[in-house]
Amino acid sequence: MKKLLLYIPVYMLLSSFAIGQSQLTIPQIMEGTKFVGNSPNAIYWDEHGEYLYFNWNPENNLGDSLYRISMEDHSPIMVSAKELSKLPSKQGNYTKDKTKKTYTKNGDLYLYNLTTRVEQQVTNTIQRESSPIFSSDQQKIFYSLSGNLYAWEIKSGITTQLTDFKKGNKKIEAKSEDYTTWIKKEEMELIKTLQEREEKRNLQIKNNKSNDPSRAKTIYTGKASVSTIQISPDENFITYSLFERPANSNRTNVPNYVTESGYIETLNSRPKVGSPTSKMNVGIYDIQNDTTYRVSTSDLPNIDLRPDFVLDKNKKREVYVHAPLWSDEGGNVILIVRSKDNKDRWICLLDIKTGILESLDHQHDDAWIGGPGIGWSQWDKTIGWIDSQSIWFQSEETGYSHLYTINIKTGKKQALTKGKFEIYNPRISDDKLSWYFESNMQHPGERYVYKMDIKGGKFIQLTSTLGRSDAYFSPDNKKIALRYSNSMQPWELYLMDNQEGTKPKRITTSTTSDFDKYNWRSPEHITFKAKDGANVHARLYKPEKAVQNGPAIIFVHGAGYLQNAHKWWSSYYREYMFHNYLVDNGYTVLDIDYRASAGYGRDWRTGIYQHMGGLDLSDQIDGANYLVNMHNINAKKIGIYGGSYGGFITLMAMFTAPDVFAAGAALRSVTDWAHYNHGYTSNILNTPIEDPEAYRKSSPIYYAEGLKGALLMCHGMIDTNVQFQDIVRLSQRLIELKKENWELAVYPLEGHGFVEPSSWTDEYSRIFKLFEDNLK
């Protein structure tokens with residue numbers, strides 16, 4: 001009988017079941033970056049293009065340090081604490097002629113002169129200034145402080161508060177007709193001297209007010225909080241985002257048992273799917289007319305179109321209104337509106353004087369709006385102005401995320417890119433003549449950097465090394481810093497000229513000598529046919545001398561919308577190393593980009609709508625059949641494992657396809673989608689009340705009676721994402737069903753993403769033992 005509840009990591013077990021035929025060891029792999037090395041990150045150029053800065057930790061210290069290279073000498077040098085304190089912030093806002101820059105550093109406001117290279121500290125306050133931006137005439141800096149907007153005049157040094165936002169409602173004195181009011185009124189009518197004194201007093205108050213300087217108007221926001229405060233370029237309007245949390249949304253609590261205090265402490269966590277959601281709108285303050293009003297969405301096309309699953313067809317459809325985005329010249333302003341059910345997105349032109357919206361582009365998806373540069377919920381990733389008449393954005397209109405423009409005057413829409421591939425991170429060059437972006441147009445698992453004319457046309461490929469390159473352009477666009485990796489090589493920093501056919505120069509070497517000693521495999525990138533005829537991409541790891549009827553393991557990546565069957569260094573790098581270890585021990589490993597994975601377009605992304613554990617699971621089953629038919633794998637010796645969404649799929653596989661998978665390890669698994677968060681789950685399954693069938697079809701807890709093979713479940717007890725309650729409820733279900741071939745290992749000091757190497761080691765040692773015991 002194997003119904004065990006294992007509460008603490010058991011290191012003594014390692015000597016008995018973490019022994020194999022590999023040069024690697026599980027404790028070594030699970031050291032993470034201590035074994036692999038620390039890659040450079042947070043790359044940026046200085047204002048003049050003379051230095052390239054990046055965070056790095058080549059010595060495996062406790063944390064990263066800031067490094068730089070000069071364009072004359074490409075040797076990395078650690079930036080001293082003294083030099084670091086004098087560096088301007090890498091973020092900020094520039095004047096139109098790029099001679100000045102404003103930013104915040106350590107919560108204070110600064111002004112930097114790019115010509116003289118002199119930094120001026122403007123404020124020194126306990127409260128933190130944020131979001132500074134120059135006025136149109138470049139004479140003032142607007143910034144936010146404590147939820148209000150301020151202006152600092154550069155020449156005079158005068159600071160003016162422009163808004164006074166307050167929660168609640170303006171108090172209106174009630175006119176009471178009680179005896180006290182009546183007797184006062186009577187007395188004032190009878191006694192002339194009292195009348196004269198009151199008139200004199202009121203006149204004095206009026207005179208005093210007339211001498212007071214102009215102050216910011218108090219704007220009451222009810223229950224809403226204010227953020228993203230902006231002033232129009234002509235300084236006649238102020239816009240602000242209003243965010244109101246629901247009053248009756250029950251948040252979940254996660255108990256933390258192992259604490260410094262010695263007492264059980266509670267971690268406040270998220271609400272569950274279907275809970276009341278926040279409201280998000282935009283307010284407008286007309287300064288000249290001293291009035292406030294809100295953006296109106298009532299006239300948007302199809303605003304009242306409700307999905308079939310909605311029970312109350314008369315209920316008003318709720319939307320999120322995003323913060324406005326002004327054109328550089330300041331004459332026009334756009335914003336995005338998204339329905340709360342995330343099936344519609346409107347890109348709108350805002351009439352700032354009335355708050356009325358004109359829809360420029362309306363995207364509808366019967367499943368949910370998403371894709372590269374579009375985002376999952378109320379936050380869009382990429383949109384902007386090309387000039388005062390044209391905007392750009394990304395859309396999945398053709399089934400893949402591509403780059404579009406719209407002329408706001410004529411309404412003409414143009415697709416700048418098209419094809420069965422995706423566009424990533426588009427940006428416009430400073431001279432407004434070119435686009436730069438990354439794309440997987442050659443292969444879903446390869447990403448290269450491209451340049452294109454601002455009006456569209458031919459792609460000029462700037463990088464060609466197999467893998468993925470992320471580009472960072474120098475201020476003059478003459479050089480490109482690249483963060484590059486491939487399947488076997490972690491991310492490193494490279495430098496190249498911004499010219500077609502230029503070979504990048506490697507700047508950093510971050511891997512450790514221990515990591516370099518091992519001959520890492522480059523997984524084979526294959527495709528196989530799914531039962532519905534779709535081509536499924538996957539990574540395949542095979543022993544050099546594979547045996548007939550050998551064992552195999554399928555790895556299921558997490559996050560749902562994530563890509564792992566690609567040709568660059570995986571975010572699942574521990575799993576990549578573990579797969580090499582498994583192959584050393586005679587296993588074949590298949591890592592599948594199943595339905596809902598990123599990089600393959602809209603239809604692949606939404607293939608799990610209203611049924612998680614449908615096509616995404618059948619892709620794993622078809623992968624198992626592929627291994628049997630094409631790689632001589634024993635059909636009775638196939639295991640499966642994964643974490644988070646991968647843990648969920650593992651449970652569905654073990655419960656609903658028990659004759660396909662002999663053993664499975666489900667890590668930090670969702671067991672019942674009705675207990676997960678709203679933003680992610682409601683996109684795919686709608687809400688439990690309105691679409692209960694989708695939740696029943698998609699939740700492993702309803703299928704637990706199907707368990708036949710050996711199941712290992714691992715979960716962190718302070719997981720505030722997929723909460724520990726999930727696995728506890730499933731454990732009780734397995735107990736009631738009298739299932740015996742399952743184990744649960746819990747980790748008291750771990751959340752959703754494990755931190756401690758000891759926890760990683762314990763978890764993966766158990767996974768390896770599970771497969772050794774049941775597949776060999």
# chains A, B, ... in the order shown; residues from 1 in each chain; ligands from 1
$ residues_around --residues "A:Gly92" --least-positions-apart "4" --cutoff "9 Å" --atoms "only C-alpha atoms" --output "ChimeraX atom specification"
/A:101-104,131-133
$ residues_around --residues "stretch 396-401 of chain A" --least-positions-apart "5" --cutoff "8 Å" --atoms "only C-alpha atoms" --output "MDAnalysis selection string"
chainID A and resid 363 370:373 418:423 600:603
$ write_last_selection --atoms "all heavy atoms" --output "compact mmCIF listing (two decimals), in the first residue's frame"
# COMPACT_ATOMS: atom_id res chain seq x y z
N GLN A 363 -11.97 43.94 -32.64
CA GLN A 363 -11.59 42.54 -32.79
C GLN A 363 -12.46 41.70 -31.87
O GLN A 363 -12.58 41.97 -30.68
CB GLN A 363 -10.12 42.32 -32.44
CG GLN A 363 -9.67 40.87 -32.63
CD GLN A 363 -8.21 40.64 -32.22
OE1 GLN A 363 -7.45 41.57 -32.07
NE2 GLN A 363 -7.85 39.38 -32.04
N GLY A 370 -6.33 37.38 -27.46
CA GLY A 370 -4.99 37.14 -26.95
C GLY A 370 -3.98 37.10 -28.08
O GLY A 370 -4.26 37.50 -29.21
N GLY A 371 -2.79 36.59 -27.76
CA GLY A 371 -1.73 36.46 -28.76
C GLY A 371 -0.59 37.42 -28.50
O GLY A 371 -0.71 38.36 -27.70
N PRO A 372 0.55 37.23 -29.17
CA PRO A 372 1.72 38.10 -28.97
C PRO A 372 1.38 39.57 -29.22
O PRO A 372 0.74 39.92 -30.20
CB PRO A 372 2.71 37.59 -30.02
CG PRO A 372 2.32 36.17 -30.25
CD PRO A 372 0.84 36.13 -30.12
N GLY A 373 1.78 40.43 -28.29
CA GLY A 373 1.54 41.86 -28.42
C GLY A 373 0.12 42.27 -28.14
O GLY A 373 -0.22 43.44 -28.30
N LYS A 418 2.14 39.82 -42.89
CA LYS A 418 1.13 38.77 -43.04
C LYS A 418 1.82 37.44 -43.29
O LYS A 418 2.97 37.38 -43.76
CB LYS A 418 0.17 39.09 -44.18
CG LYS A 418 0.82 39.23 -45.55
CD LYS A 418 -0.22 39.60 -46.61
CE LYS A 418 0.44 39.78 -47.98
NZ LYS A 418 -0.56 40.13 -49.02
N GLY A 419 1.14 36.37 -42.94
CA GLY A 419 1.68 35.02 -43.12
C GLY A 419 1.39 34.17 -41.90
O GLY A 419 0.88 34.64 -40.88
N LYS A 420 1.75 32.89 -41.98
CA LYS A 420 1.52 31.95 -40.89
C LYS A 420 2.71 31.97 -39.94
O LYS A 420 3.44 30.98 -39.79
CB LYS A 420 1.25 30.56 -41.45
CG LYS A 420 -0.06 30.48 -42.22
CD LYS A 420 -0.35 29.06 -42.69
CE LYS A 420 -1.69 29.00 -43.40
NZ LYS A 420 -2.03 27.62 -43.82
N PHE A 421 2.91 33.10 -39.31
CA PHE A 421 3.96 33.29 -38.32
C PHE A 421 3.55 34.45 -37.42
O PHE A 421 2.55 35.12 -37.68
CB PHE A 421 5.32 33.54 -38.99
CG PHE A 421 5.32 34.71 -39.94
CD1 PHE A 421 5.59 36.01 -39.50
CD2 PHE A 421 5.07 34.53 -41.30
CE1 PHE A 421 5.60 37.09 -40.37
CE2 PHE A 421 5.08 35.61 -42.19
CZ PHE A 421 5.34 36.89 -41.72
N GLU A 422 4.34 34.69 -36.38
CA GLU A 422 4.00 35.72 -35.39
C GLU A 422 5.06 36.82 -35.39
O GLU A 422 6.24 36.58 -35.67
CB GLU A 422 3.91 35.10 -33.98
CG GLU A 422 3.07 33.84 -33.90
CD GLU A 422 1.64 34.08 -33.48
OE1 GLU A 422 1.03 35.06 -33.97
OE2 GLU A 422 1.13 33.31 -32.65
N ILE A 423 4.62 38.02 -35.00
CA ILE A 423 5.51 39.17 -34.83
C ILE A 423 5.66 39.44 -33.34
O ILE A 423 4.67 39.42 -32.59
CB ILE A 423 4.94 40.42 -35.53
CG1 ILE A 423 4.80 40.18 -37.04
CG2 ILE A 423 5.81 41.65 -35.26
CD1 ILE A 423 6.11 39.96 -37.76
N TYR A 600 2.08 29.43 -32.37
CA TYR A 600 1.49 28.71 -33.50
C TYR A 600 0.18 29.33 -33.98
O TYR A 600 -0.56 28.70 -34.73
CB TYR A 600 1.26 27.25 -33.09
CG TYR A 600 2.51 26.57 -32.61
CD1 TYR A 600 2.81 26.52 -31.24
CD2 TYR A 600 3.42 26.03 -33.50
CE1 TYR A 600 3.97 25.92 -30.79
CE2 TYR A 600 4.59 25.42 -33.06
CZ TYR A 600 4.87 25.37 -31.70
OH TYR A 600 6.02 24.78 -31.26
N GLY A 601 -0.13 30.53 -33.56
CA GLY A 601 -1.31 31.21 -34.06
C GLY A 601 -2.54 31.04 -33.20
O GLY A 601 -2.55 30.31 -32.20
N ARG A 602 -3.60 31.74 -33.62
CA ARG A 602 -4.82 31.83 -32.84
C ARG A 602 -5.52 30.49 -32.64
O ARG A 602 -5.96 30.16 -31.53
CB ARG A 602 -5.76 32.83 -33.52
CG ARG A 602 -7.08 33.03 -32.78
CD ARG A 602 -8.20 32.16 -33.32
NE ARG A 602 -9.37 32.21 -32.47
CZ ARG A 602 -10.36 31.34 -32.51
NH1 ARG A 602 -10.31 30.31 -33.36
NH2 ARG A 602 -11.40 31.46 -31.70
N ASP A 603 -5.66 29.69 -33.69
CA ASP A 603 -6.41 28.44 -33.56
C ASP A 603 -5.74 27.48 -32.59
O ASP A 603 -6.41 26.76 -31.84
CB ASP A 603 -6.60 27.78 -34.93
CG ASP A 603 -7.56 28.56 -35.82
OD1 ASP A 603 -8.24 29.46 -35.31
OD2 ASP A 603 -7.60 28.27 -37.04
$ closest_residue --among "A:Ile633, A:Asp361, A:Asn124, A:Tyr94" --to "A:Asp108" --atoms "only C-alpha atoms"
A:Asn124
$ residues_around --residues "A:Glu772" --least-positions-apart "3" --cutoff "12 Å" --atoms "only C-alpha atoms" --output "tab-separated table (two decimals) with all heavy atoms, in the first residue's frame"
chain	number	residue	atom	x	y	z
A	16	SER	N	19.86	5.90	-2.35
A	16	SER	CA	19.30	4.63	-2.79
A	16	SER	C	18.62	4.71	-4.15
A	16	SER	O	18.52	3.71	-4.84
A	16	SER	CB	18.30	4.11	-1.75
A	16	SER	OG	17.22	5.03	-1.61
A	17	PHE	N	18.09	5.91	-4.53
A	17	PHE	CA	17.38	5.91	-5.80
A	17	PHE	C	17.76	7.01	-6.76
A	17	PHE	O	17.14	7.17	-7.81
A	17	PHE	CB	15.86	5.89	-5.60
A	17	PHE	CG	15.28	7.07	-4.89
A	17	PHE	CD1	15.15	8.30	-5.50
A	17	PHE	CD2	14.83	6.92	-3.59
A	17	PHE	CE1	14.57	9.36	-4.85
A	17	PHE	CE2	14.24	7.98	-2.93
A	17	PHE	CZ	14.12	9.19	-3.54
A	18	ALA	N	18.79	7.80	-6.47
A	18	ALA	CA	19.25	8.80	-7.44
A	18	ALA	C	20.55	8.34	-8.09
A	18	ALA	O	21.39	9.14	-8.46
A	18	ALA	CB	19.43	10.15	-6.77
A	19	ILE	N	20.70	7.04	-8.23
A	19	ILE	CA	21.91	6.49	-8.82
A	19	ILE	C	21.60	6.05	-10.24
A	19	ILE	O	20.63	5.36	-10.49
A	19	ILE	CB	22.44	5.30	-8.00
A	19	ILE	CG1	22.78	5.76	-6.58
A	19	ILE	CG2	23.64	4.67	-8.67
A	19	ILE	CD1	23.11	4.62	-5.66
A	20	GLY	N	22.38	6.47	-11.20
A	20	GLY	CA	22.15	6.05	-12.58
A	20	GLY	C	23.45	5.92	-13.33
A	20	GLY	O	24.51	5.82	-12.75
A	551	PRO	N	11.78	2.30	-22.31
A	551	PRO	CA	10.83	3.18	-21.64
A	551	PRO	C	10.90	4.61	-22.20
A	551	PRO	O	11.91	5.03	-22.77
A	551	PRO	CB	11.30	3.16	-20.20
A	551	PRO	CG	12.78	2.99	-20.31
A	551	PRO	CD	13.01	2.11	-21.52
A	552	ALA	N	9.83	5.35	-22.04
A	552	ALA	CA	9.79	6.74	-22.50
A	552	ALA	C	9.02	7.59	-21.50
A	552	ALA	O	8.16	7.10	-20.76
A	552	ALA	CB	9.16	6.85	-23.87
A	553	ILE	N	9.33	8.88	-21.52
A	553	ILE	CA	8.66	9.84	-20.64
A	553	ILE	C	8.23	11.04	-21.47
A	553	ILE	O	9.00	11.54	-22.31
A	553	ILE	CB	9.60	10.28	-19.50
A	553	ILE	CG1	9.91	9.09	-18.59
A	553	ILE	CG2	8.99	11.42	-18.69
A	553	ILE	CD1	11.07	9.30	-17.67
A	582	LEU	N	17.86	11.63	-17.83
A	582	LEU	CA	16.98	10.50	-18.11
A	582	LEU	C	17.47	9.71	-19.33
A	582	LEU	O	17.46	8.47	-19.34
A	582	LEU	CB	15.55	10.99	-18.36
A	582	LEU	CG	14.79	11.51	-17.14
A	582	LEU	CD1	13.47	12.13	-17.56
A	582	LEU	CD2	14.55	10.39	-16.13
A	585	ASN	N	20.12	7.43	-18.67
A	585	ASN	CA	19.65	6.25	-17.96
A	585	ASN	C	18.68	5.40	-18.80
A	585	ASN	O	17.94	4.59	-18.26
A	585	ASN	CB	18.98	6.66	-16.65
A	585	ASN	CG	20.00	7.03	-15.58
A	585	ASN	OD1	20.53	6.17	-14.89
A	585	ASN	ND2	20.27	8.32	-15.46
A	586	GLY	N	18.70	5.64	-20.11
A	586	GLY	CA	17.99	4.74	-21.01
A	586	GLY	C	16.60	5.16	-21.41
A	586	GLY	O	15.91	4.41	-22.13
A	587	TYR	N	16.15	6.33	-21.01
A	587	TYR	CA	14.80	6.78	-21.36
A	587	TYR	C	14.82	7.61	-22.64
A	587	TYR	O	15.77	8.35	-22.90
A	587	TYR	CB	14.21	7.64	-20.25
A	587	TYR	CG	13.95	6.92	-18.95
A	587	TYR	CD1	14.92	6.87	-17.94
A	587	TYR	CD2	12.73	6.28	-18.72
A	587	TYR	CE1	14.69	6.22	-16.75
A	587	TYR	CE2	12.48	5.63	-17.52
A	587	TYR	CZ	13.46	5.59	-16.54
A	587	TYR	OH	13.22	4.95	-15.36
A	637	LYS	N	5.36	1.07	-21.05
A	637	LYS	CA	6.42	1.70	-20.25
A	637	LYS	C	6.55	3.18	-20.57
A	637	LYS	O	7.64	3.69	-20.82
A	637	LYS	CB	7.75	0.99	-20.53
A	637	LYS	CG	7.80	-0.46	-20.05
A	637	LYS	CD	9.17	-1.07	-20.31
A	637	LYS	CE	9.24	-2.51	-19.81
A	637	LYS	NZ	10.59	-3.10	-20.04
A	638	ILE	N	5.44	3.87	-20.57
A	638	ILE	CA	5.44	5.31	-20.85
A	638	ILE	C	4.96	6.06	-19.61
A	638	ILE	O	3.90	5.76	-19.05
A	638	ILE	CB	4.53	5.65	-22.05
A	638	ILE	CG1	5.02	4.92	-23.31
A	638	ILE	CG2	4.50	7.16	-22.29
A	638	ILE	CD1	4.13	5.13	-24.52
A	639	GLY	N	5.76	7.01	-19.19
A	639	GLY	CA	5.40	7.87	-18.06
A	639	GLY	C	5.16	9.29	-18.52
A	639	GLY	O	5.46	9.66	-19.66
A	662	ALA	N	1.73	4.56	-17.63
A	662	ALA	CA	1.92	3.65	-16.50
A	662	ALA	C	2.26	4.39	-15.21
A	662	ALA	O	2.04	3.86	-14.12
A	662	ALA	CB	3.02	2.64	-16.83
A	663	ALA	N	2.83	5.57	-15.34
A	663	ALA	CA	3.23	6.33	-14.14
A	663	ALA	C	3.21	7.81	-14.48
A	663	ALA	O	3.45	8.21	-15.63
A	663	ALA	CB	4.62	5.91	-13.68
A	664	GLY	N	2.91	8.63	-13.47
A	664	GLY	CA	2.88	10.06	-13.69
A	664	GLY	C	3.25	10.84	-12.45
A	664	GLY	O	2.91	10.43	-11.33
A	710	ALA	N	0.80	4.33	-11.33
A	710	ALA	CA	1.44	4.89	-10.14
A	710	ALA	C	1.48	6.42	-10.26
A	710	ALA	O	1.99	6.95	-11.24
A	710	ALA	CB	2.84	4.33	-9.99
A	765	SER	N	14.24	13.67	-7.34
A	765	SER	CA	14.68	12.32	-6.96
A	765	SER	C	13.48	11.39	-6.84
A	765	SER	O	13.54	10.22	-7.24
A	765	SER	CB	15.43	12.38	-5.63
A	765	SER	OG	16.61	13.13	-5.74
A	766	ARG	N	12.38	11.90	-6.32
A	766	ARG	CA	11.16	11.10	-6.23
A	766	ARG	C	10.59	10.80	-7.63
A	766	ARG	O	10.09	9.69	-7.88
A	766	ARG	CB	10.12	11.83	-5.38
A	766	ARG	CG	10.52	11.99	-3.93
A	766	ARG	CD	9.45	12.69	-3.11
A	766	ARG	NE	9.98	13.01	-1.79
A	766	ARG	CZ	10.06	12.15	-0.78
A	766	ARG	NH1	9.65	10.91	-0.94
A	766	ARG	NH2	10.56	12.51	0.38
A	767	ILE	N	10.67	11.79	-8.52
A	767	ILE	CA	10.19	11.58	-9.88
A	767	ILE	C	11.00	10.47	-10.55
A	767	ILE	O	10.45	9.56	-11.19
A	767	ILE	CB	10.26	12.88	-10.69
A	767	ILE	CG1	9.32	13.94	-10.12
A	767	ILE	CG2	9.93	12.62	-12.16
A	767	ILE	CD1	9.52	15.32	-10.71
A	768	PHE	N	12.33	10.55	-10.40
A	768	PHE	CA	13.20	9.53	-11.02
A	768	PHE	C	12.92	8.15	-10.45
A	768	PHE	O	12.83	7.16	-11.19
A	768	PHE	CB	14.67	9.91	-10.81
A	768	PHE	CG	15.63	8.97	-11.48
A	768	PHE	CD1	15.69	8.88	-12.86
A	768	PHE	CD2	16.46	8.16	-10.73
A	768	PHE	CE1	16.58	8.01	-13.48
A	768	PHE	CE2	17.35	7.28	-11.34
A	768	PHE	CZ	17.40	7.21	-12.72
A	769	LYS	N	12.73	8.08	-9.14
A	769	LYS	CA	12.43	6.78	-8.51
A	769	LYS	C	11.09	6.24	-9.00
A	769	LYS	O	10.94	5.03	-9.23
A	769	LYS	CB	12.41	6.93	-7.00
A	769	LYS	CG	12.17	5.62	-6.25
A	769	LYS	CD	12.23	5.81	-4.75
A	769	LYS	CE	12.16	4.46	-4.03
A	769	LYS	NZ	10.90	3.73	-4.26
A	775	LEU	N	8.67	1.83	-14.77
A	775	LEU	CA	8.86	1.77	-16.22
A	775	LEU	C	9.99	0.86	-16.64
A	775	LEU	O	10.23	0.70	-17.84
A	775	LEU	CB	9.10	3.18	-16.77
A	775	LEU	CG	8.02	4.23	-16.48
A	775	LEU	CD1	8.38	5.55	-17.16
A	775	LEU	CD2	6.64	3.76	-16.93
A	776	LYS	N	10.71	0.30	-15.69
A	776	LYS	CA	11.83	-0.56	-16.05
A	776	LYS	C	11.66	-1.95	-15.47
A	776	LYS	O	11.11	-2.12	-14.40
A	776	LYS	CB	13.16	0.05	-15.56
A	776	LYS	CG	13.64	1.21	-16.42
A	776	LYS	CD	15.05	1.62	-16.01
A	776	LYS	CE	15.60	2.68	-16.96
A	776	LYS	NZ	16.97	3.09	-16.56
$ select_by_dssp --residues "stretch 139-362 of chain A" --states "strand (DSSP E or B)" --output "PyMOL selection string"
chain A and resi 140-145+148-153+159-161+164-166+168+218-220+222+225-231+237-244+251-256+265-271+279-286+291-294+296+319-321+325-326+333-339+344-351+356-362
$ residues_around --residues "A:Asp591" --least-positions-apart "3" --cutoff "12 Å" --atoms "only C-alpha atoms" --output "number ranges by chain"
A: 523-527, 536-542, 552-558, 563-566, 570, 572, 575-576, 579, 588, 594, 597, 619-620, 623-624, 627, 640-642, 646
$ write_last_selection --atoms "N, CA and C atoms" --output "CSV table (one decimal), in the first residue's frame"
chain,number,residue,atom,x,y,z
A,523,PRO,N,18.3,18.7,-28.5
A,523,PRO,CA,17.1,17.8,-28.8
A,523,PRO,C,16.7,17.9,-30.3
A,524,GLU,N,16.2,16.8,-30.8
A,524,GLU,CA,15.7,16.8,-32.2
A,524,GLU,C,14.3,17.5,-32.2
A,525,HIS,N,14.1,18.4,-33.1
A,525,HIS,CA,12.8,19.1,-33.3
A,525,HIS,C,12.0,18.3,-34.3
A,526,ILE,N,10.9,17.7,-33.9
A,526,ILE,CA,10.1,16.9,-34.7
A,526,ILE,C,8.7,17.3,-34.8
A,527,THR,N,7.9,16.8,-35.7
A,527,THR,CA,6.5,17.0,-35.7
A,527,THR,C,5.8,15.6,-35.8
A,536,VAL,N,1.9,18.5,-34.7
A,536,VAL,CA,2.3,18.9,-33.4
A,536,VAL,C,3.8,18.9,-33.3
A,537,HIS,N,4.3,20.1,-32.8
A,537,HIS,CA,5.8,20.2,-32.7
A,537,HIS,C,6.2,19.7,-31.3
A,538,ALA,N,7.4,19.2,-31.3
A,538,ALA,CA,7.9,18.6,-30.0
A,538,ALA,C,9.5,18.6,-30.1
A,539,ARG,N,10.0,18.5,-28.9
A,539,ARG,CA,11.5,18.2,-28.7
A,539,ARG,C,11.6,16.7,-28.4
A,540,LEU,N,12.6,16.0,-29.0
A,540,LEU,CA,12.8,14.6,-28.8
A,540,LEU,C,14.2,14.4,-28.3
A,541,TYR,N,14.3,13.7,-27.2
A,541,TYR,CA,15.6,13.3,-26.6
A,541,TYR,C,15.7,11.8,-26.7
A,542,LYS,N,16.8,11.2,-27.4
A,542,LYS,CA,16.9,9.8,-27.5
A,542,LYS,C,18.2,9.3,-27.1
A,552,ALA,N,9.8,5.3,-22.0
A,552,ALA,CA,9.8,6.7,-22.5
A,552,ALA,C,9.0,7.6,-21.5
A,553,ILE,N,9.3,8.9,-21.5
A,553,ILE,CA,8.7,9.8,-20.6
A,553,ILE,C,8.2,11.0,-21.5
A,554,ILE,N,7.0,11.5,-21.3
A,554,ILE,CA,6.5,12.7,-21.9
A,554,ILE,C,6.5,13.8,-20.8
A,555,PHE,N,7.2,14.9,-21.2
A,555,PHE,CA,7.2,16.1,-20.3
A,555,PHE,C,6.1,17.1,-20.8
A,556,VAL,N,5.3,17.7,-19.9
A,556,VAL,CA,4.3,18.6,-20.2
A,556,VAL,C,4.6,20.0,-19.6
A,557,HIS,N,5.0,20.9,-20.5
A,557,HIS,CA,5.3,22.3,-19.9
A,557,HIS,C,4.1,22.9,-19.3
A,558,GLY,N,4.4,23.9,-18.5
A,558,GLY,CA,3.3,24.6,-17.8
A,558,GLY,C,2.8,25.9,-18.5
A,563,GLN,N,5.7,28.4,-24.9
A,563,GLN,CA,6.3,27.6,-25.9
A,563,GLN,C,7.6,26.9,-25.3
A,564,ASN,N,7.8,25.6,-25.6
A,564,ASN,CA,9.0,25.0,-25.1
A,564,ASN,C,9.7,24.1,-26.1
A,565,ALA,N,8.9,23.7,-27.2
A,565,ALA,CA,9.6,23.0,-28.3
A,565,ALA,C,10.2,23.9,-29.3
A,566,HIS,N,11.1,24.7,-28.7
A,566,HIS,CA,11.8,25.7,-29.6
A,566,HIS,C,13.3,25.4,-29.6
A,570,SER,N,15.8,26.9,-22.7
A,570,SER,CA,14.5,26.9,-22.2
A,570,SER,C,14.4,27.5,-20.8
A,572,TYR,N,12.6,26.2,-18.8
A,572,TYR,CA,12.6,24.9,-18.0
A,572,TYR,C,14.0,24.3,-18.1
A,575,GLU,N,14.6,21.1,-16.2
A,575,GLU,CA,14.0,20.0,-16.8
A,575,GLU,C,14.8,19.5,-18.0
A,576,TYR,N,15.4,20.5,-18.8
A,576,TYR,CA,16.3,20.2,-19.9
A,576,TYR,C,17.4,19.3,-19.4
A,579,HIS,N,16.2,15.9,-18.4
A,579,HIS,CA,16.0,15.0,-19.6
A,579,HIS,C,17.3,14.4,-20.1
A,588,THR,N,13.7,7.5,-23.4
A,588,THR,CA,13.5,8.5,-24.5
A,588,THR,C,12.5,9.5,-23.9
A,594,TYR,N,1.8,21.2,-27.0
A,594,TYR,CA,0.5,20.8,-27.2
A,594,TYR,C,-0.5,21.9,-27.5
A,597,SER,N,-0.4,26.0,-26.7
A,597,SER,CA,1.0,26.5,-26.6
A,597,SER,C,1.2,27.8,-27.5
A,619,ASP,N,-3.1,15.4,-27.5
A,619,ASP,CA,-1.8,15.6,-28.1
A,619,ASP,C,-0.8,14.8,-27.4
A,620,GLN,N,-0.9,14.6,-26.0
A,620,GLN,CA,0.1,13.8,-25.3
A,620,GLN,C,-0.1,12.3,-25.6
A,623,GLY,N,1.3,11.7,-28.9
A,623,GLY,CA,2.7,11.7,-28.8
A,623,GLY,C,3.2,10.3,-28.3
A,624,ALA,N,2.4,9.7,-27.4
A,624,ALA,CA,2.8,8.4,-26.9
A,624,ALA,C,2.7,7.4,-28.0
A,627,LEU,N,5.7,7.7,-30.2
A,627,LEU,CA,6.9,7.0,-29.7
A,627,LEU,C,6.8,5.5,-29.9
A,640,ILE,N,4.6,10.1,-17.6
A,640,ILE,CA,4.3,11.5,-18.0
A,640,ILE,C,4.5,12.3,-16.7
A,641,TYR,N,5.0,13.6,-16.9
A,641,TYR,CA,5.2,14.5,-15.8
A,641,TYR,C,5.1,15.9,-16.2
A,642,GLY,N,4.9,16.8,-15.3
A,642,GLY,CA,4.9,18.2,-15.5
A,642,GLY,C,4.4,19.0,-14.3
A,646,GLY,N,1.2,21.7,-16.5
A,646,GLY,CA,1.7,20.3,-16.9
A,646,GLY,C,1.3,19.3,-15.8
$ residues_around --residues "A:Tyr436" --least-positions-apart "6" --cutoff "12 Å" --atoms "only C-alpha atoms" --output "MDAnalysis selection string"
chainID A and resid 403 423:430 448:454 456 459:463 470:473 477 480 498
$ residues_around --residues "A:Asp365" --least-positions-apart "5" --cutoff "9 Å" --atoms "only C-alpha atoms" --output "PyMOL selection string"
chain A and resi 342-345+370
$ residues_around --residues "stretch 155-160 of chain A" --least-positions-apart "2" --cutoff "12 Å" --atoms "only C-alpha atoms" --output "ChimeraX atom specification"
/A:121-123,138-145,148-153,162-164,213-216
